[in-house]
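Here is protein02.cif, consisting of mmCIF, C-alpha atoms:
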```cif
data_data
loop_
_atom_site.label_atom_id
_atom_site.label_comp_id
_atom_site.auth_asym_id
_atom_site.auth_seq_id
_atom_site.Cartn_x
_atom_site.Cartn_y
_atom_site.Cartn_z
CA MET A 1 50.78 -113.93 29.66
CA THR A 2 54.44 -114.20 28.77
CA PRO A 3 55.60 -112.50 25.57
CA ALA A 4 55.93 -114.68 22.48
CA GLU A 5 59.46 -115.80 21.77
CA GLU A 6 61.20 -114.12 18.84
CA PRO A 7 61.83 -116.69 16.09
CA SER A 8 65.37 -117.23 14.91
CA GLY A 9 66.36 -116.75 11.28
CA PRO A 10 65.01 -114.41 8.60
CA LYS A 11 61.29 -113.67 8.51
CA SER A 12 59.25 -115.27 5.75
CA LEU A 13 57.18 -113.14 3.39
CA LEU A 14 54.11 -114.25 5.33
CA ALA A 15 55.62 -113.12 8.63
CA GLN A 16 56.61 -109.79 7.10
CA ARG A 17 53.13 -109.25 5.69
CA PHE A 18 51.29 -109.59 9.01
CA ARG A 19 53.81 -108.15 11.50
CA GLY A 20 55.03 -111.55 12.62
CA PHE A 21 51.57 -113.10 12.93
CA LEU A 22 50.46 -116.23 11.08
CA PRO A 23 46.82 -115.82 10.03
CA VAL A 24 44.86 -119.04 10.62
CA VAL A 25 41.27 -119.15 9.39
CA VAL A 26 38.90 -120.69 11.92
CA ASP A 27 35.25 -121.66 11.94
CA LEU A 28 33.34 -123.50 14.62
CA GLU A 29 29.86 -124.77 15.33
CA SER A 30 28.40 -124.54 18.82
CA GLY A 31 25.37 -125.48 20.86
CA GLY A 32 24.44 -121.85 21.44
CA PHE A 33 25.86 -118.36 21.66
CA ASN A 34 27.38 -118.38 25.17
CA SER A 35 31.02 -119.44 24.97
CA ARG A 36 31.18 -120.28 28.68
CA THR A 37 28.07 -122.45 28.97
CA ASP A 38 27.33 -123.76 25.47
CA ALA A 39 29.05 -126.72 23.84
CA LEU A 40 31.74 -126.42 21.19
CA LEU A 41 30.73 -129.06 18.63
CA GLU A 42 32.99 -128.60 15.61
CA ILE A 43 36.19 -126.68 14.91
CA SER A 44 38.11 -126.30 11.69
CA ALA A 45 41.31 -124.38 10.97
CA VAL A 46 42.79 -123.49 7.59
CA ILE A 47 46.50 -122.70 7.69
CA LEU A 48 47.60 -120.21 5.05
CA ASP A 49 50.81 -119.94 3.04
CA MET A 50 52.33 -117.40 0.68
CA SER A 51 54.01 -117.90 -2.68
CA GLU A 52 57.42 -116.45 -3.54
CA ASP A 53 55.70 -113.55 -5.32
CA GLY A 54 53.54 -112.68 -2.32
CA VAL A 55 50.24 -114.38 -3.19
CA LEU A 56 48.36 -115.65 -0.12
CA PHE A 57 46.61 -119.01 -0.44
CA PRO A 58 45.00 -121.76 1.73
CA SER A 59 47.50 -124.53 2.43
CA GLU A 60 46.00 -127.16 4.75
CA THR A 61 42.76 -127.77 6.64
CA HIS A 62 42.40 -129.51 10.01
CA SER A 63 38.95 -130.33 11.36
CA PHE A 64 37.53 -131.99 14.45
CA HIS A 65 34.08 -132.98 15.67
CA LEU A 66 33.96 -132.42 19.42
CA GLU A 67 32.12 -134.03 22.30
CA PRO A 68 30.17 -131.53 24.42
CA PHE A 69 32.05 -130.86 27.64
CA GLU A 70 30.52 -132.15 30.86
CA GLY A 71 27.53 -130.01 31.86
CA ALA A 72 27.48 -128.15 28.54
CA ASN A 73 24.27 -126.60 27.28
CA VAL A 74 23.18 -127.62 23.78
CA GLU A 75 20.19 -125.82 22.31
CA GLN A 76 18.04 -127.98 20.02
CA SER A 77 17.48 -124.95 17.81
CA ALA A 78 21.25 -124.72 17.29
CA LEU A 79 21.46 -128.40 16.32
CA ASP A 80 18.57 -127.96 13.89
CA PHE A 81 20.22 -124.91 12.32
CA ILE A 82 23.65 -126.46 11.80
CA GLY A 83 22.36 -129.97 11.08
CA ILE A 84 24.39 -131.88 13.68
CA ASP A 85 23.18 -135.19 15.09
CA LEU A 86 25.08 -135.77 18.32
CA GLU A 87 24.03 -139.43 18.35
CA SER A 88 25.26 -140.23 14.84
CA PRO A 89 27.71 -143.18 14.85
CA ASP A 90 29.60 -141.51 11.99
CA ARG A 91 30.34 -138.34 13.91
CA ASP A 92 33.70 -139.52 15.32
CA ALA A 93 33.79 -136.82 18.00
CA TRP A 94 36.88 -136.07 20.11
CA PRO A 95 37.04 -134.73 23.67
CA GLU A 96 38.07 -131.07 23.72
CA GLU A 97 41.09 -131.79 25.90
CA ILE A 98 42.50 -134.11 23.21
CA ALA A 99 41.40 -132.32 20.04
CA LEU A 100 42.56 -128.82 20.94
CA PRO A 101 46.18 -129.73 21.76
CA GLU A 102 46.34 -131.77 18.55
CA LEU A 103 45.03 -128.86 16.49
CA PHE A 104 47.29 -126.38 18.27
CA ARG A 105 50.32 -128.61 17.63
CA LYS A 106 49.74 -128.35 13.88
CA ILE A 107 49.31 -124.59 14.10
CA ARG A 108 52.46 -124.13 16.18
CA ALA A 109 54.39 -126.11 13.56
CA ALA A 110 53.19 -123.67 10.90
CA VAL A 111 54.09 -120.70 13.10
CA LYS A 112 57.62 -122.06 13.43
CA LYS A 113 57.87 -122.86 9.71
CA HIS A 114 57.17 -119.25 8.78
CA SER A 115 59.32 -117.72 11.56
CA CYS A 116 56.23 -116.05 13.04
CA THR A 117 55.78 -115.10 16.68
CA ARG A 118 52.27 -116.55 17.04
CA ALA A 119 49.03 -117.24 15.20
CA VAL A 120 46.09 -114.88 14.87
CA VAL A 121 42.48 -115.94 14.31
CA VAL A 122 40.83 -115.05 11.01
CA ALA A 123 37.09 -115.70 11.07
CA HIS A 124 33.72 -114.38 9.98
CA ASN A 125 32.48 -112.40 13.00
CA ALA A 126 35.82 -113.33 14.50
CA HIS A 127 35.26 -112.42 18.14
CA PHE A 128 32.52 -115.07 18.35
CA ASP A 129 34.96 -117.81 17.32
CA LEU A 130 37.82 -116.40 19.38
CA GLY A 131 35.58 -116.28 22.45
CA PHE A 132 34.74 -119.98 22.14
CA ILE A 133 38.40 -120.87 21.58
CA ASN A 134 39.51 -118.92 24.66
CA ALA A 135 36.74 -120.47 26.77
CA ALA A 136 37.71 -123.99 25.66
CA VAL A 137 41.39 -123.26 26.36
CA ASP A 138 40.46 -122.18 29.89
CA ARG A 139 38.24 -125.24 30.44
CA CYS A 140 40.89 -127.68 29.27
CA GLY A 141 43.82 -125.96 30.94
CA VAL A 142 45.72 -125.75 27.65
CA LYS A 143 49.10 -124.16 28.32
CA ARG A 144 50.37 -123.61 24.78
CA ASN A 145 47.64 -121.74 22.94
CA PRO A 146 49.19 -120.50 19.67
CA PHE A 147 46.58 -117.78 19.13
CA HIS A 148 46.78 -114.17 20.21
CA PRO A 149 44.19 -113.83 22.99
CA PHE A 150 42.31 -110.85 21.55
CA SER A 151 43.71 -109.69 18.19
CA CYS A 152 41.97 -111.11 15.12
CA PHE A 153 41.04 -110.46 11.49
CA ASP A 154 37.27 -110.30 10.86
CA THR A 155 36.12 -111.14 7.33
CA ALA A 156 32.66 -109.71 8.03
CA THR A 157 34.33 -106.31 8.38
CA LEU A 158 36.73 -106.91 5.50
CA GLY A 159 33.90 -108.19 3.29
CA GLY A 160 31.92 -105.05 4.02
CA LEU A 161 34.91 -102.91 3.11
CA ALA A 162 35.91 -104.78 -0.04
CA TYR A 163 32.55 -105.94 -1.42
CA GLY A 164 29.81 -104.12 0.49
CA GLN A 165 28.62 -107.42 2.00
CA THR A 166 28.94 -108.66 5.58
CA VAL A 167 27.19 -112.05 5.17
CA LEU A 168 29.69 -114.76 4.21
CA ALA A 169 27.62 -116.26 1.40
CA LYS A 170 26.88 -112.87 -0.16
CA ALA A 171 30.47 -111.64 0.16
CA CYS A 172 31.68 -114.83 -1.54
CA GLN A 173 29.11 -114.39 -4.30
CA VAL A 174 30.25 -110.83 -5.05
CA ALA A 175 33.90 -111.96 -4.90
CA GLY A 176 33.24 -114.71 -7.43
CA ILE A 177 33.79 -117.54 -4.93
CA PRO A 178 31.37 -120.47 -5.38
CA PHE A 179 29.21 -120.96 -2.28
CA ASP A 180 26.77 -123.83 -1.69
CA ASN A 181 24.18 -122.93 0.95
CA ASN A 182 23.39 -126.63 1.40
CA SER A 183 26.97 -127.22 2.57
CA ALA A 184 27.14 -124.14 4.79
CA HIS A 185 27.16 -124.34 8.60
CA SER A 186 29.75 -127.10 8.50
CA ALA A 187 32.84 -125.76 10.26
CA GLU A 188 35.14 -127.16 7.58
CA TYR A 189 33.15 -125.78 4.63
CA ASP A 190 32.70 -122.35 6.17
CA ALA A 191 36.37 -122.16 7.23
CA GLU A 192 37.53 -122.96 3.71
CA LYS A 193 35.19 -120.39 2.16
CA THR A 194 36.29 -117.81 4.72
CA ALA A 195 39.90 -118.59 3.82
CA ASP A 196 39.14 -118.07 0.13
CA LEU A 197 37.50 -114.74 0.94
CA PHE A 198 40.33 -113.51 3.18
CA CYS A 199 43.04 -114.53 0.71
CA GLY A 200 41.11 -112.90 -2.12
CA ILE A 201 40.84 -109.59 -0.27
CA VAL A 202 44.51 -109.59 0.76
CA ASN A 203 45.63 -110.47 -2.77
CA LYS A 204 43.35 -107.87 -4.37
CA TRP A 205 44.80 -105.20 -2.07
CA ARG A 206 48.25 -106.23 -3.26
CA GLU A 207 47.19 -106.10 -6.93
CA LEU A 208 45.84 -102.59 -6.40
CA GLY A 209 49.22 -101.44 -5.10
CA GLY A 210 48.35 -101.34 -1.39
CA TRP A 211 51.18 -103.68 -0.47
CA PRO A 212 54.12 -103.61 -0.04
CA LEU A 213 54.09 -100.21 1.59
CA GLU A 214 56.30 -97.43 0.34
CA ASP A 215 59.34 -97.22 2.55
CA LYS A 216 58.48 -94.00 4.37
CA THR A 217 58.42 -95.08 7.99
CA GLY A 218 60.05 -98.50 7.92
CA VAL A 219 56.69 -100.19 8.60
CA GLY A 220 57.11 -102.58 5.70
CA GLU A 221 60.64 -103.60 6.63
#
```

Could I get this structure in the form of structure tokens?
Amino acid sequence: MTPAEEPSGPKSLLAQRFRGFLPVVVDLESGGFNSRTDALLEISAVILDMSEDGVLFPSETHSFHLEPFEGANVEQSALDFIGIDLESPDRDAWPEEIALPELFRKIRAAVKKHSCTRAVVVAHNAHFDLGFINAAVDRCGVKRNPFHPFSCFDTATLGGLAYGQTVLAKACQVAGIPFDNNSAHSAEYDAEKTADLFCGIVNKWRELGGWPLEDKTGVGE
């Protein structure tokens, strides 16, 4: 992998906050647990922004229903759990090789806007989502993947730290974020709730005085 290019111009507050990374909140729905053999059925990404006074907030959401790749495994139990009907005429599913470059184009535009070096996945149990993204990138031969290949922010871990809860619905409940279990297991709904949770934790840490860092080592510069 070639190193990410250094952006020109001054770094935005968002770039300074996350060491040049743009956090992008992702959720996906799949036909099973194996990223190499099981279908990727939905993907949603919430791009974040930061106000002039350093408050992190969700900015825009991009979502796609996906067609299972050729030869993909789809477990009926997974479809029953997430409530997806692959035969629904209203599903409007895209092939992976078209949807992913379109999604990545929007993310790269945000990376450039904020003078970041690349995007980093934020997700609940993040390595699950990142594994499916990396597998789909390999399958489709995508050359310009904006995401770091292994670094990520996991809101299951952060929720456990901040609120003593690792389940998304329960962490949101403790954080005071409305959560409708009937709407859960949609990639878009879960991504937006995960974004609310992540932003809430980051902003609370700032309110408590954890950021910006005291200038002792130059880390916060």

Distance criterion (all atoms listed in the file): nearest to Trp94 in chain A out of A:Glu42, A:Ser30, A:Ser12, A:Ser59: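 Between A:Glu42, A:Ser30, A:Ser12, A:Ser59, the residue approaching Trp94 in chain A most closely is A:Glu42.
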
Output check: residues returned by the PyMOL selection byres ((chain A and resi 70) around 12), as a VMD selection string: chain A and resid 37 to 40 66 to 69 71 to 74 95 to 97 139 to 140

Using C-alpha atoms, can you export the residues from the last selection as a compact mmCIF listing (two decimals), in the frame of the given file?
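Saved as again38.txt:
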```txt
# COMPACT_ATOMS: atom_id res chain seq x y z
CA THR A 37 28.07 -122.45 28.97
CA ASP A 38 27.33 -123.76 25.47
CA ALA A 39 29.05 -126.72 23.84
CA LEU A 40 31.74 -126.42 21.19
CA LEU A 66 33.96 -132.42 19.42
CA GLU A 67 32.12 -134.03 22.30
CA PRO A 68 30.17 -131.53 24.42
CA PHE A 69 32.05 -130.86 27.64
CA GLY A 71 27.53 -130.01 31.86
CA ALA A 72 27.48 -128.15 28.54
CA ASN A 73 24.27 -126.60 27.28
CA VAL A 74 23.18 -127.62 23.78
CA PRO A 95 37.04 -134.73 23.67
CA GLU A 96 38.07 -131.07 23.72
CA GLU A 97 41.09 -131.79 25.90
CA ARG A 139 38.24 -125.24 30.44
CA CYS A 140 40.89 -127.68 29.27
```

Leu161 in chain A environment, 12 Å, only C-alpha atoms, sequence neighbours closer than 3 positions dropped, as a list of chain:residue names: A:Asp154, A:Thr155, A:Ala156, A:Thr157, A:Leu158, A:Gly164, A:Gln165, A:Thr166, A:Ala171, A:Phe198, A:Ile201, A:Val202, A:Trp205

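Of the residues listed (A:His124, A:Pro146, A:Phe18, A:Trp211), A:His124 shows the shortest atom-to-atom separation from Ala169 in chain A; distances use all atoms listed in the file.
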
Explicit residue set for the PyMOL selection byres ((chain A and resi 19) around 9), as a PyMOL selection string: chain A and resi 14-18+20-22+116-117+219-220

Counting all atoms listed in the file, the option among A:Gln173, A:Val122, A:Pro101, A:Pro212 closest to Ala136 in chain A: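 Closest to Ala136 in chain A of all the choices is A:Pro101.
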
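In this model, the gap between CA of Ile177 in chain A and CA of Phe64 in chain A comes to 24.5 Å.
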
Selection near Ser35 in chain A, 7 Å with all atoms listed in the file, sequence-local residues under 4 positions removed, as a PyMOL selection string: chain A and resi 131-132+135

Gap from CA of Val111 in chain A to CA of Val25 in chain A - Å, one decimal: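 Between CA of Val111 in chain A and CA of Val25 in chain A the gap works out to 13.4 Å.
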
Non-local contacts of Met50 in chain A (9 Å; only C-alpha atoms; under 2 positions in same chain excluded) as a PyMOL selection string: chain A and resi 12-14+48+52-59

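From CA of Asn145 in chain A back to CA of Ser115 in chain A, the distance works out to 16.8 Å.
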
Counting only C-alpha atoms, the residue of A:Ser44, A:Asp180, A:Val120, A:Asn125 that sits nearest Arg108 in chain A: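 Closest to Arg108 in chain A, using only C-alpha atoms: A:Val120.
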
Residue nearest Asn134 in chain A among A:Val174, A:Ile98, A:Val46, A:Val121 (counting all atoms listed in the file): A:Val121

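Comparing the minimum interatomic distances between Glu60 in chain A and each of A:Ile43, A:Val24, A:Val167, A:Ala126, counting only C-alpha atoms, we find that A:Val24 sits nearest.
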
Expected residue set, 10 Å radius at (20.9, -123.4, 14.4), only C-alpha atoms, as an mmCIF file with C-alpha atoms, keeping the file's coordinate frame:
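Here's the written file out-v5.cif:
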```
data_model
loop_
_atom_site.group_PDB
_atom_site.id
_atom_site.type_symbol
_atom_site.label_atom_id
_atom_site.label_comp_id
_atom_site.auth_asym_id
_atom_site.auth_seq_id
_atom_site.Cartn_x
_atom_site.Cartn_y
_atom_site.Cartn_z
ATOM 1 C CA GLU A 29 29.860 -124.770 15.330
ATOM 2 C CA SER A 30 28.400 -124.540 18.820
ATOM 3 C CA GLY A 31 25.370 -125.480 20.860
ATOM 4 C CA GLY A 32 24.440 -121.850 21.440
ATOM 5 C CA GLU A 75 20.190 -125.820 22.310
ATOM 6 C CA GLN A 76 18.040 -127.980 20.020
ATOM 7 C CA SER A 77 17.480 -124.950 17.810
ATOM 8 C CA ALA A 78 21.250 -124.720 17.290
ATOM 9 C CA LEU A 79 21.460 -128.400 16.320
ATOM 10 C CA ASP A 80 18.570 -127.960 13.890
ATOM 11 C CA PHE A 81 20.220 -124.910 12.320
ATOM 12 C CA ILE A 82 23.650 -126.460 11.800
ATOM 13 C CA GLY A 83 22.360 -129.970 11.080
ATOM 14 C CA ILE A 84 24.390 -131.880 13.680
ATOM 15 C CA HIS A 185 27.160 -124.340 8.600
#
```

Axis-aligned box for all listed atoms of range 120-131 of chain A, 3 Å per side, centre and edges in Å to one decimal, as AutoDock Vina command-line options:
```
--center_x 39.3 --center_y -115.1 --center_z 16.2 --size_x 19.6 --size_y 11.4 --size_z 18.5
```
